[in-house]
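**Q** Below you'll find the structure I mean.
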Amino acid sequence: VNPTVVLITGGAGFVGSTLALHFRRLSPSVRVIALDNLRRRGSELNLPRLREAGVEFVHGDIRQLDDLDIGVDPQLVLECSAEPSVLAGYGTSPGYVLQTNLVGTLNVLELCRRTGAGLLFLSTSRVYPIDPVRSIRLDHAATRFEIAADQDLPGITRRGVSEDFPLQGARSIYGATKLASELFIEEYAQAYGLKAIVNRCGVIAGPWQMGKVDQGFVALWVARHVYRRDLAYIGFGGTGLQVRDVLHVDDLCDLVTIQTQRFEGLAGEVFNAGGGTECSVSLCELTTSCQRVTGNVVLIASVPETRPADIPLYVTDFSKLTRATGWFPKRSMDTLLADVHAWIRAHESALRPVLDS
Ligand SMILES: NC(=O)c1ccc[n+]([C@@H]2O[C@H](COP(=O)([O-])OP(=O)(O)OC[C@H]3O[C@@H](n4cnc5c(N)ncnc54)[C@H](O)[C@@H]3O)[C@@H](O)[C@H]2O)c1
C-alpha cells in the first residue's frame with residue numbers, strides 16, 4: 001500500500017505513538033491519525049509529541065464502532081490499542097480486556113471492511129499456550145534458563161519459538177483475545193478480501209514505554225533503578241532466571257516500514273517478531289545491566305511462587321520473517337538499555353508520577 005491516510009489505534013500508547021512519529025518522519029505528506037482513549041497511564045504524555053510532529057489526535061474508544069468513524073477513509077490501519085497485560089482479568093472481571101482486545105478489534109475489522117483499508121495487527125507471543133511453553137526443556141545456566149538442545153515439541157529449537165509451535169491449550173485471557181482476533185482476521189480475509197499482516201510480537205521495549213509491574217518490565221526495571229525503588233523476582237524460585245527476548249521498538253519500526261512497502265505480497269501471513277536469542281535477557285542479568293547503566297543498586301525481593309500465566313522463558317524464532325522480508329533486529333540489549341535510561345533521565349520529573357509509583 002502507498003497510504004495517504006494512516007490510522008493508528010492506540011496511537012498515544014508506547015508502540016502506537018512511536019509508529020505514528022516514525023510514519024511522519026518517513027513520509028511527511030502522509031496524514032497520520034492517532035486514536036486513543038488514554039486509558040493507559042502516561043499515554044497523555046505523548047500527546048504534545050504527536051502534535052509537534054503533525055500527527056492528528058482523535059480521542060476515541062475502539063469499543064465503540066461509531067468512534068472509529070473519523071471522517072476520512074484510511075488506506076492503512078495499524079491496530080496498536082489494547083489492554084496489553086497478560087495478567088488482565090486474573091482475579092477480577094475480564095470485561096475490559098475482552099471488550100477492547102476482542103470486540104474493539106472486531107470494530108476495527110468492520111472499519112477495514114467498510115473502507116477497504118489494509119490492516120497491520122499487533123498480536124502477541126502469548127497466543128502460544130502456557131502449558132506447552134512451560135514444557136519447553138530448559139538448561140539451568142548460572143544467570144538464566146536456556147533452551148535445551150533436545151525438544152519434544154514442534155516449533156521449538158535453540159533459536160526459539162517458531163510459528164509451528166502448538167496452539168492447543170489455555171493461554172491467558174489476553175492471549176485468547178489476540179488469537180481470537182487473528183481467527184477473525186482470517187475470516188475477514190476470506191469473506192471480504194481483507195488484506196492483513198499479523199505480527200506475533202514477543203516483548204517490545206524502548207523509550208516512552210510507561211513500564212509498570214504487570215507490563216513493560218524493561219522500562220520498569222530501569223526506572224526503579226533510576227528512582228531507587230525496590231523490585232522483586234516473582235516466580236520460578238524467585239531468583240530471576242526467567243528469560244525473554246526483547247525487541248527494540250525502533251527495530252519494530254523498521255519491520256513495519258518493510259511490511260507497509262511490501263504489503264500486498266505479505267498480506268495473509270502471520271509472523272513471529274521479536275529480538276531473538278541475541279537480544280534476550282534474564283531478570284537477574286537485567287539487574288546487573290541496570291546497576292551498570294544507572295550506577296544504583298536497589299533491593300530485590302524474592303517471591304518463589306509462580307503466578308498464573310507466568311512462563312520461565314520465551315524467545316522468538318523470527319526466521320520466517322527474515323526469509324520473507326530480509327528483516328532482522330539490529331539493536332542490542334545494551335543499546336536498548338542506554339536508550340531507555342537516557343529517556344528517563346531526560347524527562348525524570350515528568351515521568352516520576354507514572355514510573356515511580
Ligand atoms: N509492549 C509489548 O511488549 C507488546 C508485546 C506484544 C504485543 N504487544 C501489543 O502491541 C500493542 C501496543 O502495545 P503497547 O505496548 O504500545 O501498549 P500501551 O498500553 O502502551 O498502548 C496501548 C494504547 O491503547 C490505548 N487503549 C486501551 N484501550 C483502548 C480502547 N478501548 N480504545 C482506544 N484506545 C485504547 C491505551 O490508552 C494505550 O495508549 C498492543 O496490541 C499489545 O497487545 C505489545
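Residues in the C-alpha cells are numbered from 1 in each chain, the chains being A, B, ... in the order shown, and ligands are numbered from 1 in the order shown.
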Could you give me, as a ChimeraX atom specification, the residues within 12 Å of range 47-61 of chain A, counting only C-alpha atoms and dropping anything in the same chain fewer than 6 positions from it?

**A** /A:5-14,16-39,67-71,81-82,96,99-101,103-105,107-108,208

**Q** Please return, as a PyMOL selection string, all residues of range 139-216 of chain A that DSSP assigns to strand (DSSP E) on the basis of the backbone.

**A** chain A and resi 139-140+145-147+156-157+160-161+196-201+203-205

**Q** Go through range 257-314 of chain A and collect every residue that DSSP, computed from the backbone, puts in alpha helix (DSSP H); the answer should be as a list in words.

**A**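 In range 257-314 of chain A, DSSP puts these residues in alpha helix (DSSP H): Thr257, Ile258, Gln259, Thr260, Gln261, Phe263, Glu264, Gly265, Leu266, Leu283, Cys284, Glu285, Leu286, Thr287, Thr288, Ser289, Cys290, Gln291, Arg292, Val293 and Thr294 of chain A.
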
**Q** Which one is closest to Gln64 in chain A: A:Pro3, A:Cys290, A:Arg229, A:Leu106? Count only C-alpha atoms.

**A**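 Residue with the minimum atom-to-atom distance to Gln64 in chain A: A:Leu106.
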
**Q** At a cut-off of 9 Å, using only C-alpha atoms, what residues contact Lys212 in chain A? Leave out same-chain residues fewer than 6 positions from it and give the result as a ChimeraX atom specification.

**A** /A:219-220,354-355,357

**Q** If we count only C-alpha atoms and set the cut-off at 12 Å, which residues sit around Tyr192 in chain A, ignoring sequence neighbours fewer than 4 positions away in its own chain? Please answer as a VMD selection string.

**A** chain A and resid 109 to 118 184 to 188 196

**Q** Between A:Leu183, A:Ala232, A:Cys284, A:Leu351, which has the minimum distance to Gly42 in chain A (counting only C-alpha atoms)?

**A** A:Leu351

**Q** If we count only C-alpha atoms and set the cut-off at 12 Å, which residues sit around His347 in chain A, ignoring sequence neighbours fewer than 6 positions away in its own chain? Please answer as a list in words.

**A**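 Counting only C-alpha atoms, the residues come to Leu45, Pro207, Trp208, Ala223, Val226, Val340, His341, Pro353, Val354 and Leu355 of chain A.
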
**Q** Could you dump the residues just selected with C-alpha atoms as a compact mmCIF listing (two decimals), in the first residue's frame?

**A**
# COMPACT_ATOMS: atom_id res chain seq x y z
CA LEU A 45 2.43 12.47 27.89
CA PRO A 207 11.79 4.92 25.25
CA TRP A 208 8.25 6.12 26.01
CA ALA A 223 13.05 3.27 36.19
CA VAL A 226 16.88 5.43 38.47
CA VAL A 340 15.60 3.78 27.90
CA HIS A 341 17.93 5.20 30.53
CA PRO A 353 4.35 10.29 38.67
CA VAL A 354 3.93 7.49 36.12
CA LEU A 355 7.08 5.41 36.50

**Q** Extract, using only C-alpha atoms, all DNA, RNA and protein residues at most 9 Å from Arg137 in chain A, discarding same-chain residues fewer than 4 positions from it, and format them as number ranges by chain.

**A** A: 146-152

**Q** Can you pull out the residues contacting Gln215 in chain A? Cut-off 12 Å, using only C-alpha atoms, and skip same-chain residues under 6 positions away; I want them as a ChimeraX atom specification.

**A** /A:14,40-41,82-88,203-205,209,221,355

**Q** Measuring atom to atom with only C-alpha atoms and all ligand atoms, identify which of A:Leu283, A:Cys201, A:Leu337, A:Val293 is nearest to ligand 1.

**A** A:Cys201

**Q** Which residue is closest to Val222 in chain A? Choose from A:Asn296, A:Ser135, A:Ser302, A:Ser125 and count only C-alpha atoms.

**A** A:Asn296

**Q** Which one is closest to Asp230 in chain A: A:Cys253, A:Val298, A:Pro329, A:Leu179? Count only C-alpha atoms.

**A**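 The closest residue to Asp230 in chain A is A:Val298.
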